[in-house]
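Novice: File follows, model.txt with compact mmCIF, C-alpha atoms:
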# COMPACT_ATOMS: atom_id res chain seq x y z
CA MET L 119 69.66 176.27 -10.42
CA ILE L 120 68.77 179.93 -9.81
CA LYS L 121 65.41 179.46 -11.53
CA LEU L 122 64.64 176.30 -9.58
CA VAL L 123 65.46 177.85 -6.20
CA SER L 124 63.42 180.93 -7.15
CA PHE L 125 60.53 178.65 -8.11
CA TYR L 126 60.83 176.92 -4.74
CA LEU L 127 60.60 180.25 -2.92
CA PHE L 128 57.68 181.39 -5.08
CA THR L 129 55.80 178.14 -4.42
CA VAL L 130 56.38 178.35 -0.68
CA LEU L 131 55.23 181.97 -0.48
CA TYR L 132 52.15 181.69 -2.68
CA TYR L 133 50.90 178.11 -2.48
CA ASN L 134 48.29 178.96 0.18
CA PHE L 135 46.62 181.63 -1.98
CA TYR L 136 43.49 179.46 -2.31
CA ARG L 137 42.68 179.56 1.42
CA TYR L 138 41.06 182.98 1.72
CA ILE L 139 39.54 183.06 -1.77
CA PHE L 140 37.80 179.67 -1.55
CA ARG L 141 37.42 179.53 2.26
CA ILE L 142 39.42 176.32 2.55
CA ASN L 143 41.46 175.78 5.69
CA ASN L 144 40.24 174.07 8.84
CA ALA L 145 36.55 173.75 9.63
CA ARG L 146 37.27 173.07 13.31
CA THR L 147 39.09 176.35 13.95
CA SER L 148 37.35 178.37 11.22
CA PRO L 149 33.55 177.83 11.31
CA THR L 150 32.94 179.55 7.97
CA TYR L 151 35.58 177.44 6.20
CA SER L 152 35.71 173.88 4.88
CA ASP L 153 38.54 171.42 5.50
CA THR L 154 41.41 171.32 3.02
CA PRO L 155 41.13 168.27 0.74
CA LEU L 156 43.99 165.79 0.95
CA TRP L 157 45.02 166.34 -2.68
CA LEU L 158 45.31 170.08 -2.09
CA SER L 159 47.22 169.86 1.20
CA SER L 160 49.65 167.31 -0.26
CA GLY L 161 50.02 169.17 -3.55
CA LYS L 162 52.76 171.42 -2.18
CA TYR L 163 54.87 168.38 -1.34
CA LEU L 164 54.52 166.97 -4.85
CA ILE L 165 55.51 170.28 -6.44
CA ILE L 166 58.44 170.92 -4.11
CA PHE L 167 59.79 167.36 -4.21
CA ALA L 168 59.59 167.42 -8.01
CA THR L 169 61.65 170.61 -7.84
CA PHE L 170 64.15 168.84 -5.57
CA GLY L 171 64.40 166.09 -8.17
CA LEU L 172 65.29 168.60 -10.87
CA MET L 173 67.86 170.21 -8.58
CA ALA L 174 69.46 166.82 -7.93
CA PHE L 175 69.54 166.12 -11.67
CA ILE L 176 71.30 169.43 -12.37
CA LEU L 177 73.85 168.80 -9.62
CA ALA L 178 74.50 165.32 -11.00
CA MET L 179 75.53 166.90 -14.30
CA TYR L 180 78.54 168.49 -12.60
CA LYS L 181 81.36 166.86 -10.70
CA TYR L 182 81.25 168.22 -7.18
CA LYS L 183 84.48 169.36 -5.54
CA TYR L 184 85.08 170.98 -2.18
CA LYS L 185 86.79 173.93 -3.83
CA VAL L 186 84.88 175.29 -6.78
CA LYS L 187 84.74 178.55 -8.68
CA HIS L 188 81.74 180.83 -8.64
CA TYR L 189 81.38 183.80 -10.89
CA SER L 190 80.23 187.07 -9.36
CA GLY L 191 80.06 189.70 -12.05
CA ASP L 192 83.53 189.89 -13.59
CA ARG L 193 85.20 188.37 -10.53
CA VAL L 194 86.01 184.71 -10.00
CA VAL L 195 85.47 183.78 -6.36
CA HIS L 196 86.96 180.64 -4.83
CA HIS L 197 84.81 179.12 -2.10
CA ASP L 198 86.13 176.60 0.39
CA ARG L 199 83.31 174.11 1.02
CA LYS L 200 84.88 172.39 4.04
CA ASN L 201 82.94 174.55 6.50
CA ASP L 202 79.65 173.96 4.69
CA ALA L 203 80.19 170.22 4.27
CA ILE L 204 79.13 169.53 7.85
CA TYR L 205 75.80 171.35 7.28
CA ILE L 206 75.19 169.26 4.17
CA VAL L 207 75.91 166.01 5.97
CA LEU L 208 73.78 166.94 8.98
CA SER L 209 70.86 167.98 6.78
CA MET L 210 71.00 164.64 4.98
CA LEU L 211 71.13 162.77 8.30
CA PHE L 212 68.15 164.74 9.64
CA CYS L 213 66.08 163.78 6.60
CA LEU L 214 67.08 160.10 6.76
CA TYR L 215 66.43 159.97 10.50
CA ALA L 216 63.01 161.61 10.06
CA LEU L 217 62.15 159.13 7.32
CA SER L 218 62.99 156.18 9.56
CA VAL L 219 60.99 157.67 12.47
CA THR L 220 58.02 158.22 10.16
CA VAL L 221 58.09 154.62 8.94
CA LEU L 222 58.52 153.12 12.42
CA SER L 223 55.97 155.34 14.20
CA ARG L 224 53.55 155.56 11.25
CA ASP L 225 53.13 159.25 12.02
CA ALA L 226 53.94 162.01 9.53
CA TYR L 227 55.15 164.50 12.15
CA ALA L 228 58.90 163.82 11.81
CA PHE L 229 58.61 163.95 8.02
CA GLU L 230 56.82 167.31 8.06
CA ALA L 231 59.38 168.75 10.48
CA VAL L 232 62.47 168.34 8.30
CA CYS L 233 61.26 167.33 4.82
CA PHE L 234 62.24 170.72 3.34
CA PHE L 235 65.88 170.58 4.45
CA PRO L 236 67.06 169.26 1.04
CA VAL L 237 66.71 172.82 -0.28
CA MET L 238 69.55 173.80 2.04
CA ILE L 239 71.74 171.07 0.57
CA PHE L 240 71.02 172.07 -3.03
CA MET L 241 71.52 175.78 -2.38
CA ILE L 242 74.92 175.23 -0.77
CA LEU L 243 76.08 172.74 -3.39
CA GLY L 244 74.72 174.65 -6.38
CA ARG L 245 77.09 176.16 -8.91
CA TYR L 246 75.73 179.54 -10.00
CA ASP L 247 76.44 183.25 -10.00
CA ARG L 248 75.90 184.13 -6.36
CA GLU L 249 75.47 187.87 -7.00
CA LYS L 250 72.74 187.21 -9.57
CA PHE L 251 71.12 184.68 -7.27
CA PHE L 252 70.98 187.07 -4.30
CA ASN L 253 69.49 189.83 -6.44
CA LYS L 254 66.81 187.46 -7.77
CA ILE L 255 65.77 186.28 -4.32
CA TYR L 256 65.79 189.84 -3.02
CA GLN L 257 63.46 190.99 -5.81
CA ILE L 258 61.00 188.16 -5.05
CA LEU L 259 60.90 189.13 -1.38
CA LYS L 260 60.63 192.82 -2.21
CA VAL L 261 57.61 192.39 -4.48
CA SER L 262 56.04 189.80 -2.16
CA ALA L 263 56.30 192.18 0.80
CA TRP L 264 53.96 194.67 -0.88
CA VAL L 265 51.61 191.89 -2.05
CA PHE L 266 51.26 190.53 1.48
CA LEU L 267 50.89 193.95 3.12
CA PHE L 268 48.14 195.16 0.80
CA TYR L 269 46.41 191.77 0.70
CA ASP L 270 46.02 191.89 4.48
CA ILE L 271 44.55 195.40 4.38
CA ILE L 272 42.08 194.30 1.69
CA GLN L 273 41.02 191.41 3.94
CA TYR L 274 40.45 193.81 6.81
CA LEU L 275 38.37 196.17 4.65
CA LEU L 276 36.25 193.28 3.40
CA PHE L 277 35.64 192.26 6.99
CA TYR L 278 34.88 195.81 8.14
CA PHE L 279 32.43 196.66 5.36
CA PHE L 280 31.03 193.22 4.38
CA ASN L 281 31.76 191.05 7.46
CA ARG L 282 33.87 188.66 5.36
CA LEU L 283 35.59 186.52 7.99
CA PRO L 284 39.14 185.24 7.47
CA ALA L 285 40.41 181.95 8.91
CA LEU L 286 40.58 181.60 12.72
CA ALA L 287 37.76 184.11 13.14
CA TYR L 288 34.38 183.81 14.80
CA ALA L 289 31.37 186.00 14.04
CA GLY L 290 30.34 188.40 16.78
CA THR L 291 33.74 188.54 18.51
CA VAL L 292 36.51 191.11 18.57
CA SER L 293 39.18 188.44 18.18
CA VAL L 294 39.25 188.44 14.38
CA ARG L 295 42.76 187.67 13.19
CA PHE L 296 44.19 188.33 9.75
CA GLY L 297 46.91 186.30 8.06
CA SER L 298 47.17 187.95 4.64
CA LEU L 299 47.66 185.60 1.69
CA GLN L 300 48.63 182.75 4.03
CA ASP L 301 45.31 183.12 5.88
CA ASP L 302 47.19 181.93 8.96
CA PRO L 303 47.86 184.65 11.57
CA ASN L 304 50.65 182.79 13.41
CA GLY L 305 52.46 181.71 10.26
CA TYR L 306 52.10 185.14 8.66
CA ALA L 307 53.48 186.89 11.75
CA PHE L 308 56.71 184.90 11.45
CA LEU L 309 56.83 185.38 7.68
CA MET L 310 56.71 189.12 8.33
CA SER L 311 59.98 188.89 10.26
CA ALA L 312 61.67 188.20 6.91
CA LEU L 313 60.17 191.35 5.38
CA TYR L 314 60.97 194.06 7.92
CA PHE L 315 64.33 195.16 6.52
CA ILE L 316 62.95 195.33 2.97
CA GLY L 317 61.70 198.79 3.96
CA MET L 318 65.32 199.93 4.27
CA SER L 319 65.57 200.06 0.49
CA TYR L 320 63.00 202.87 0.28
CA ARG L 321 63.05 206.56 1.11
CA GLY L 322 60.48 209.20 1.89
CA TYR L 323 56.78 208.38 1.66
CA LYS L 324 57.40 204.85 0.34
CA LYS L 325 59.38 203.96 3.42
CA THR L 326 56.76 205.52 5.70
CA LEU L 327 53.92 203.70 3.90
CA PHE L 328 55.80 200.40 4.09
CA TYR L 329 56.32 200.53 7.84
CA VAL L 330 52.81 201.85 8.58
CA LEU L 331 51.36 198.89 6.67
CA TYR L 332 53.88 196.59 8.33
CA ALA L 333 52.86 197.67 11.84
CA ALA L 334 49.15 197.38 10.97
CA ASN L 335 49.64 193.89 9.50
CA LEU L 336 51.56 192.66 12.53
CA LEU L 337 48.93 193.97 14.94
CA LEU L 338 46.09 192.45 12.92
CA THR L 339 47.54 188.97 13.39
CA ILE L 340 46.79 189.21 17.15
CA SER L 341 49.51 186.57 17.48
CA PHE L 342 51.15 187.41 20.80
CA THR L 343 53.94 184.88 20.34
CA GLY L 344 54.47 186.00 16.75
CA MET L 345 54.55 189.71 17.57
CA ALA L 346 56.93 189.22 20.49
CA SER L 347 59.24 186.96 18.45
CA VAL L 348 59.31 189.36 15.50
CA MET L 349 60.05 192.41 17.65
CA PHE L 350 62.77 190.69 19.65
CA SER L 351 64.42 189.30 16.51
CA ILE L 352 64.39 192.73 14.84
CA ILE L 353 65.98 194.32 17.92
CA ILE L 354 68.67 191.62 18.07
CA VAL L 355 69.56 192.00 14.40
CA MET L 356 69.63 195.80 14.63
CA ILE L 357 71.98 195.62 17.62
CA LEU L 358 74.27 193.30 15.69
CA SER L 359 74.22 195.30 12.46
CA ILE L 360 74.05 198.94 13.53
CA PRO L 361 76.85 200.69 15.44
CA VAL L 362 75.46 201.58 18.87
CA SER L 363 76.45 204.99 20.22
CA PHE L 364 75.69 206.33 23.70
CA LYS L 365 72.88 208.53 22.35
CA LYS L 366 71.28 205.61 20.52
CA LEU L 367 71.60 203.45 23.60
CA MET L 368 69.86 206.07 25.77
CA ALA L 369 67.17 206.57 23.14
CA ALA L 370 66.56 202.82 23.04
CA TRP L 371 66.36 202.70 26.85
CA PHE L 372 63.78 205.48 27.12
CA SER L 373 61.82 203.99 24.21
CA LEU L 374 61.68 200.70 26.08
CA VAL L 375 60.50 202.40 29.28
CA PHE L 376 57.78 204.38 27.48
CA GLY L 377 56.85 201.25 25.52
CA VAL L 378 56.30 199.25 28.70
CA VAL L 379 54.25 202.07 30.22
CA GLY L 380 52.23 202.33 27.01
CA VAL L 381 51.48 198.60 27.02
CA MET L 382 50.33 198.79 30.65
CA VAL L 383 47.98 201.66 29.80
CA LEU L 384 46.61 200.01 26.65
CA SER L 385 46.07 196.72 28.49
CA GLN L 386 43.30 198.44 30.46
CA LEU L 387 41.30 199.29 27.33
CA PRO L 388 37.99 197.36 27.13
CA ILE L 389 38.64 196.11 23.58
CA LEU L 390 41.99 194.61 24.56
CA GLN L 391 40.42 193.03 27.64
CA ASN L 392 37.83 191.42 25.36
CA ILE L 393 40.56 190.09 23.06
CA LEU L 394 42.46 188.63 26.01
CA SER L 395 39.32 186.96 27.32
CA THR L 396 38.57 185.30 23.97
CA LYS L 397 42.16 184.01 23.81
CA GLN L 398 42.21 182.76 27.40
CA GLY L 399 41.80 179.14 26.34
CA SER L 400 44.75 179.40 23.98
CA ILE L 401 46.82 181.21 26.62
CA ASP L 402 46.13 178.45 29.16
CA GLN L 403 47.04 175.78 26.61
CA HIS L 404 50.37 177.43 25.85
CA ALA L 405 51.06 178.02 29.55
CA ASN L 406 50.78 174.26 30.17
CA LEU L 407 52.75 173.17 27.12
CA PHE L 408 55.60 171.70 29.16
CA SER L 409 53.22 169.39 31.01
CA ALA L 410 54.08 166.87 28.29
CA LEU L 411 57.54 166.60 29.86
CA MET L 412 56.26 165.66 33.32
CA ASN L 413 55.75 161.92 32.78
CA ILE L 414 58.55 160.95 30.44
CA GLY L 415 61.36 158.46 30.87
CA ILE L 416 64.83 157.88 29.49
CA GLN L 417 63.48 156.14 26.41
CA ASP L 418 61.26 159.12 25.60
CA VAL L 419 64.17 161.56 25.98
CA MET L 420 66.28 159.38 23.69
CA GLY L 421 63.52 159.50 21.06
CA MET L 422 62.73 155.78 21.23
CA ASN L 423 58.97 156.34 21.66
CA PRO L 424 58.12 159.11 19.17
CA PRO L 425 54.58 160.35 19.98
CA GLY L 426 54.16 162.64 16.96
CA TRP L 427 52.74 166.11 17.52
CA ILE L 428 52.07 166.44 21.24
CA ALA L 429 52.57 170.04 22.40
CA GLU L 430 52.36 173.67 21.30
CA SER L 431 56.15 173.88 21.31
CA ALA L 432 58.67 172.99 18.64
CA TYR L 433 61.30 172.21 21.26
CA VAL L 434 59.11 169.71 23.13
CA ASN L 435 57.92 168.01 19.94
CA ILE L 436 61.39 167.71 18.44
CA LEU L 437 62.88 166.47 21.72
CA LEU L 438 60.34 163.67 22.16
CA ASN L 439 60.32 162.62 18.49
CA PHE L 440 63.99 162.97 17.56
CA GLY L 441 65.64 162.45 20.92
CA ILE L 442 67.92 164.73 22.89
CA LEU L 443 71.07 163.94 20.87
CA VAL L 444 69.55 164.78 17.49
CA THR L 445 67.82 167.81 19.01
CA LEU L 446 71.07 169.19 20.39
CA VAL L 447 72.85 168.62 17.08
CA MET L 448 70.00 170.21 15.12
CA TYR L 449 69.79 173.35 17.21
CA GLY L 450 73.57 173.43 17.55
CA MET L 451 73.80 173.67 13.76
CA VAL L 452 71.25 176.50 13.69
CA ILE L 453 73.06 178.44 16.43
CA THR L 454 76.40 177.98 14.65
CA ILE L 455 75.04 179.31 11.35
CA ILE L 456 73.44 182.32 13.05
CA TYR L 457 76.62 182.99 15.03
CA ARG L 458 78.83 182.83 11.93
CA PHE L 459 76.59 185.31 10.15
CA SER L 460 76.52 187.63 13.17
CA GLN L 461 80.33 187.68 13.06
CA HIS L 462 80.06 188.51 9.38
CA LEU L 463 77.78 191.45 10.21
CA LYS L 464 80.17 192.77 12.83
CA SER L 465 82.96 192.93 10.26
CA HIS L 466 80.81 195.37 8.23
CA LYS L 467 79.43 197.50 11.06
CA ARG L 468 81.51 200.58 10.25
CA ASN L 469 80.26 200.67 6.67
CA PHE L 470 76.59 200.23 7.54
CA LYS L 471 75.45 203.56 6.07
CA THR L 472 77.09 202.67 2.78
CA ILE L 473 76.07 199.05 2.38
CA GLN L 474 72.57 199.22 3.85
CA LYS L 475 71.34 199.78 0.29
CA ASP L 476 73.09 196.65 -0.95
CA PRO L 477 70.42 194.00 -1.81
CA THR L 478 72.61 191.18 -0.51
CA TYR L 479 73.15 192.92 2.82
CA ILE L 480 69.42 193.53 3.27
CA LEU L 481 68.70 189.93 2.22
CA GLY L 482 71.08 188.73 4.93
CA LEU L 483 69.30 190.85 7.54
CA CYS L 484 65.95 189.42 6.42
CA ALA L 485 67.21 185.84 6.63
CA MET L 486 68.77 186.32 10.06
CA THR L 487 65.68 188.04 11.47
CA PHE L 488 63.46 185.19 10.29
CA CYS L 489 65.73 182.47 11.71
CA ILE L 490 65.99 184.19 15.10
CA ALA L 491 62.21 184.79 15.21
CA VAL L 492 61.54 181.09 14.52
CA PHE L 493 64.19 180.14 17.07
CA ILE L 494 62.38 182.23 19.70
CA GLY L 495 58.82 181.43 18.65
CA GLY L 496 59.47 177.69 18.70
CA ILE L 497 59.29 177.84 22.48
CA ASN L 498 55.55 178.50 22.35
CA LEU L 499 54.44 177.33 18.88
CA PRO L 500 54.95 174.12 16.81
CA LEU L 501 56.53 176.06 13.95
CA GLU L 502 58.35 172.98 12.67
CA VAL L 503 55.06 171.77 11.13
CA VAL L 504 53.58 175.16 10.17
CA PHE L 505 53.79 175.71 6.42
CA PRO L 506 55.38 177.89 5.00
CA VAL L 507 57.50 178.59 8.11
CA ASN L 508 59.03 175.10 8.09
CA ALA L 509 59.82 175.41 4.37
CA LEU L 510 61.38 178.87 4.68
CA PHE L 511 63.55 178.01 7.69
CA PRO L 512 66.12 175.80 5.87
CA PHE L 513 65.96 178.17 2.89
CA PHE L 514 67.02 181.16 5.00
CA LEU L 515 69.60 179.09 6.87
CA ALA L 516 71.19 178.29 3.51
CA LEU L 517 71.13 181.98 2.59
CA LEU L 518 72.99 182.81 5.80
CA CYS L 519 75.64 180.21 4.91
CA LEU L 520 76.07 181.66 1.42
CA ILE L 521 76.00 185.34 2.39
CA SER L 522 78.48 184.79 5.23
CA LYS L 523 81.17 184.49 2.55
CA HIS L 524 79.93 187.34 0.42
CA ARG L 525 81.73 190.65 0.01
CA TYR L 526 79.29 193.52 -0.22
CA ALA L 527 79.47 196.22 -2.84
CA SER L 528 81.67 199.16 -1.92
CA THR L 529 79.09 201.60 -3.16
CA ALA L 530 75.40 201.71 -2.51
CA ALA L 531 73.00 200.54 -5.16
CA THR L 532 70.17 202.80 -6.23
CA PHE L 533 66.62 201.85 -5.28
CA ASN L 534 63.25 203.38 -5.88
Turn the structure described in the file into structure tokens.
Specialist:
Amino acid sequence: MIKLVSFYLFTVLYYNFYRYIFRINNARTSPTYSDTPLWLSSGKYLIIFATFGLMAFILAMYKYKYKVKHYSGDRVVHHDRKNDAIYIVLSMLFCLYALSVTVLSRDAYAFEAVCFFPVMIFMILGRYDREKFFNKIYQILKVSAWVFLFYDIIQYLLFYFFNRLPALAYAGTVSVRFGSLQDDPNGYAFLMSALYFIGMSYRGYKKTLFYVLYAANLLLTISFTGMASVMFSIIIVMILSIPVSFKKLMAAWFSLVFGVVGVMVLSQLPILQNILSTKQGSIDQHANLFSALMNIGIQDVMGMNPPGWIAESAYVNILLNFGILVTLVMYGMVITIIYRFSQHLKSHKRNFKTIQKDPTYILGLCAMTFCIAVFIGGINLPLEVVFPVNALFPFFLALLCLISKHRYASTAATFN
């Protein structure tokens, strides 16, 4: 099961590698690109659903019980599955409901929104060494972080010296956005939220290099919603995980004040004014996203007339396609999982300096940051149908469920 889940993560992270190399994405939004062929855009579903089939086969080989034993090193850990059972049931219901909506409405929106939730079920039900599993996932994210960061810089250099345009870029404008290996600035910005705390495992020049590249990558996306969501999610997770003293609180306050003043000053720069002017159409579209809610009735709110994708907002789309009851249950589950993990973090606050080098602890911070960023960004972007964000969301939710029961190492691990 560990290999299959790792393969799922690897596929989700790297499936879009072809976009930048072969200039295949969306000809309408990227003039120098061609449209993605149907076989290539649907290929990820075939690969991932085949992986789900193998996961189901492996689970079928074992008799599932609510209380099972998991081996973590030399320790035998007993996990009570009663708390996780509700997440499993809800995930199954979401998938079945989406399938019925897709068939009745003949629109693939509902399917795309929740089709990756089975990974959450398999990860929670799987019987494997949790410690080994967390280390494996952490290593994939750690290596991928450097791949994405350098890949984005290479794209920028190719543009600067050879005018090689990435996706969502128009020749002769200053609004050239970079999305690294994903070649999708919005999607990459949210993916970066899962990579921020990877830098905690480094020291000295490696740590400095990591965060310099990280800041440059985030800025190069020119995704205002993505940047704001990532920064807010990082701040929230740091507040929850790091003990806040009076000095740190005052430092944060003055940093915020100087940050606001700095943004006001930078906003007057001609280059930023040009960027804002080129994005004015997009800004107006997002500003009017809730206009879709102006002329709806009770049947629409109950999800009885699913319109498919209709607005630049995950909340609006999910509400009108799934109905208010399913929407409340869905987001209620997400909030509950995040809250449970935040309580888990609070129980380890005093030992932060010791366990911040623990791969599982850092992995938990990465997962929580990503989930909160998507939760915030969904207000202004249809992230529920943006691959790989929609595939990573249930994956990281499952990680939060698993890590919430994990006991971190008492001593720090050694990292390079």
Novice: List the neighbours of Ile316 of chain L out to 8 Å using only C-alpha atoms; skip same-chain residues closer than 5 positions along the sequence, and give me the result as a ChimeraX atom specification.
Specialist: /L:259-260,263,480-481,484
Novice: Compile the contact shell of Asn144 of chain L as a list in words: residues with an atom at most 12 Å away, counting all atoms listed in the file, same-chain residues fewer than 5 positions apart removed.
Specialist: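 Skipping anything fewer than 5 positions along the chain leaves Arg137, Tyr138, Pro149, Thr150, Tyr151, Ser152, Asp153, Thr154, Pro155, Ser159, Pro284, Ala285, Leu286, Ala287, Asp301 and Asp302 of chain L.
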Novice: Expressed in Å to a single decimal, how great is the separation between atom CA of Ser311 of chain L and atom CA of Val330 of chain L?
Specialist: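 We find that atom CA of Ser311 of chain L and atom CA of Val330 of chain L lie 14.9 Å from each other.
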Novice: Pick out the residues sitting within 12 Å of Val355 of chain L, and hand them over as a PDB file with C-alpha atoms, in the frame of the given file; count all atoms listed in the file, and ignore anything fewer than 6 positions along from it in its own chain.
Specialist:
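After the write, around_27.pdb holds the following:
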ATOM      1  CA  SER L 311      59.980 188.890  10.260  1.00  0.00           C
ATOM      2  CA  ALA L 312      61.670 188.200   6.910  1.00  0.00           C
ATOM      3  CA  TYR L 314      60.970 194.060   7.920  1.00  0.00           C
ATOM      4  CA  PHE L 315      64.330 195.160   6.520  1.00  0.00           C
ATOM      5  CA  VAL L 348      59.310 189.360  15.500  1.00  0.00           C
ATOM      6  CA  MET L 349      60.050 192.410  17.650  1.00  0.00           C
ATOM      7  CA  PRO L 361      76.850 200.690  15.440  1.00  0.00           C
ATOM      8  CA  ILE L 456      73.440 182.320  13.050  1.00  0.00           C
ATOM      9  CA  TYR L 457      76.620 182.990  15.030  1.00  0.00           C
ATOM     10  CA  PHE L 459      76.590 185.310  10.150  1.00  0.00           C
ATOM     11  CA  SER L 460      76.520 187.630  13.170  1.00  0.00           C
ATOM     12  CA  GLN L 461      80.330 187.680  13.060  1.00  0.00           C
ATOM     13  CA  LEU L 463      77.780 191.450  10.210  1.00  0.00           C
ATOM     14  CA  LYS L 464      80.170 192.770  12.830  1.00  0.00           C
ATOM     15  CA  LYS L 467      79.430 197.500  11.060  1.00  0.00           C
ATOM     16  CA  ILE L 480      69.420 193.530   3.270  1.00  0.00           C
ATOM     17  CA  GLY L 482      71.080 188.730   4.930  1.00  0.00           C
ATOM     18  CA  LEU L 483      69.300 190.850   7.540  1.00  0.00           C
ATOM     19  CA  CYS L 484      65.950 189.420   6.420  1.00  0.00           C
ATOM     20  CA  ALA L 485      67.210 185.840   6.630  1.00  0.00           C
ATOM     21  CA  MET L 486      68.770 186.320  10.060  1.00  0.00           C
ATOM     22  CA  THR L 487      65.680 188.040  11.470  1.00  0.00           C
ATOM     23  CA  PHE L 488      63.460 185.190  10.290  1.00  0.00           C
ATOM     24  CA  CYS L 489      65.730 182.470  11.710  1.00  0.00           C
ATOM     25  CA  ILE L 490      65.990 184.190  15.100  1.00  0.00           C
ATOM     26  CA  ALA L 491      62.210 184.790  15.210  1.00  0.00           C
TER      27      ALA L 491
END
Novice: Please report the interatomic distance between atom CA of Leu337 of chain L and atom CA of Gly305 of chain L in Å with one decimal.
Specialist: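 Those two atoms sit 13.6 Å apart.
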Novice: Which distance in Å separates atom CA of Asn335 of chain L and atom CA of Met310 of chain L, to one decimal?
Specialist: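 It comes out at 8.6 Å.
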Novice: What lies within 8 Å of Lys254 of chain L using all atoms listed in the file, ignoring chain neighbours under 4 positions off, as a CSV table (one decimal) with C-alpha atoms, in the frame of the given file?
Specialist:
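Okay, this is what ended up in part-v2.csv:
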chain,number,residue,atom,x,y,z
L,124,SER,CA,63.4,180.9,-7.2
L,250,LYS,CA,72.7,187.2,-9.6
L,258,ILE,CA,61.0,188.2,-5.0
Novice: Which residue is closest to Ile176 of chain L? Choose from L:Gly244, L:Gly450, L:Pro424, L:Pro506 and count all atoms listed in the file.
Specialist: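 Among L:Gly244, L:Gly450, L:Pro424, L:Pro506, it is L:Gly244 that comes nearest to Ile176 of chain L.
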Novice: For Val419 of chain L, list every protein, DNA or RNA residue within 6 Å, evaluated using all atoms listed in the file, and leave out those in the same chain fewer than 5 positions away; present the list as a list of chain:residue names.
Specialist: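 These residues fall inside the cut-off: L:Leu438, L:Gly441, L:Ile442.
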Novice: Using only the atoms of segment 330-336 of chain L listed in the file, plus 6 Å on each side, state the axis-aligned box centre and edge lengths in Å rounded to one decimal, as lines of an AutoDock Vina configuration file.
Specialist:
center_x = 51.5
center_y = 197.3
center_z = 9.6
size_x = 16.7
size_y = 21.2
size_z = 17.9
Novice: Smallest atom-to-atom distance to Leu283 of chain L: which of L:Leu177, L:Ala429, L:Val130, L:Ile139, using only C-alpha atoms?
Specialist: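 Of L:Leu177, L:Ala429, L:Val130, L:Ile139, the one nearest Leu283 of chain L, counting only C-alpha atoms, is L:Ile139.
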Novice: Which is closest to Phe212 of chain L among L:Leu338, L:Val444, L:Leu122, L:Ile494, if we use all atoms listed in the file?
Specialist: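 Once distances to Phe212 of chain L are computed over all atoms listed in the file, the minimum belongs to L:Val444.
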Novice: List every protein, DNA or RNA residue with an atom no more than 12 Å from (67.6, 158.8, 10.5) in the file's coordinates, counting all atoms listed in the file, and format the result as a CSV table (one decimal) with C-alpha atoms, keeping the file's coordinate frame.
Specialist:
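In the end it all went to result-v6.csv:
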chain,number,residue,atom,x,y,z
L,207,VAL,CA,75.9,166.0,6.0
L,208,LEU,CA,73.8,166.9,9.0
L,209,SER,CA,70.9,168.0,6.8
L,210,MET,CA,71.0,164.6,5.0
L,211,LEU,CA,71.1,162.8,8.3
L,212,PHE,CA,68.2,164.7,9.6
L,213,CYS,CA,66.1,163.8,6.6
L,214,LEU,CA,67.1,160.1,6.8
L,215,TYR,CA,66.4,160.0,10.5
L,216,ALA,CA,63.0,161.6,10.1
L,217,LEU,CA,62.2,159.1,7.3
L,218,SER,CA,63.0,156.2,9.6
L,219,VAL,CA,61.0,157.7,12.5
L,220,THR,CA,58.0,158.2,10.2
L,221,VAL,CA,58.1,154.6,8.9
L,222,LEU,CA,58.5,153.1,12.4
L,228,ALA,CA,58.9,163.8,11.8
L,229,PHE,CA,58.6,164.0,8.0
L,232,VAL,CA,62.5,168.3,8.3
L,421,GLY,CA,63.5,159.5,21.1
L,439,ASN,CA,60.3,162.6,18.5
L,440,PHE,CA,64.0,163.0,17.6
L,441,GLY,CA,65.6,162.4,20.9
L,444,VAL,CA,69.6,164.8,17.5
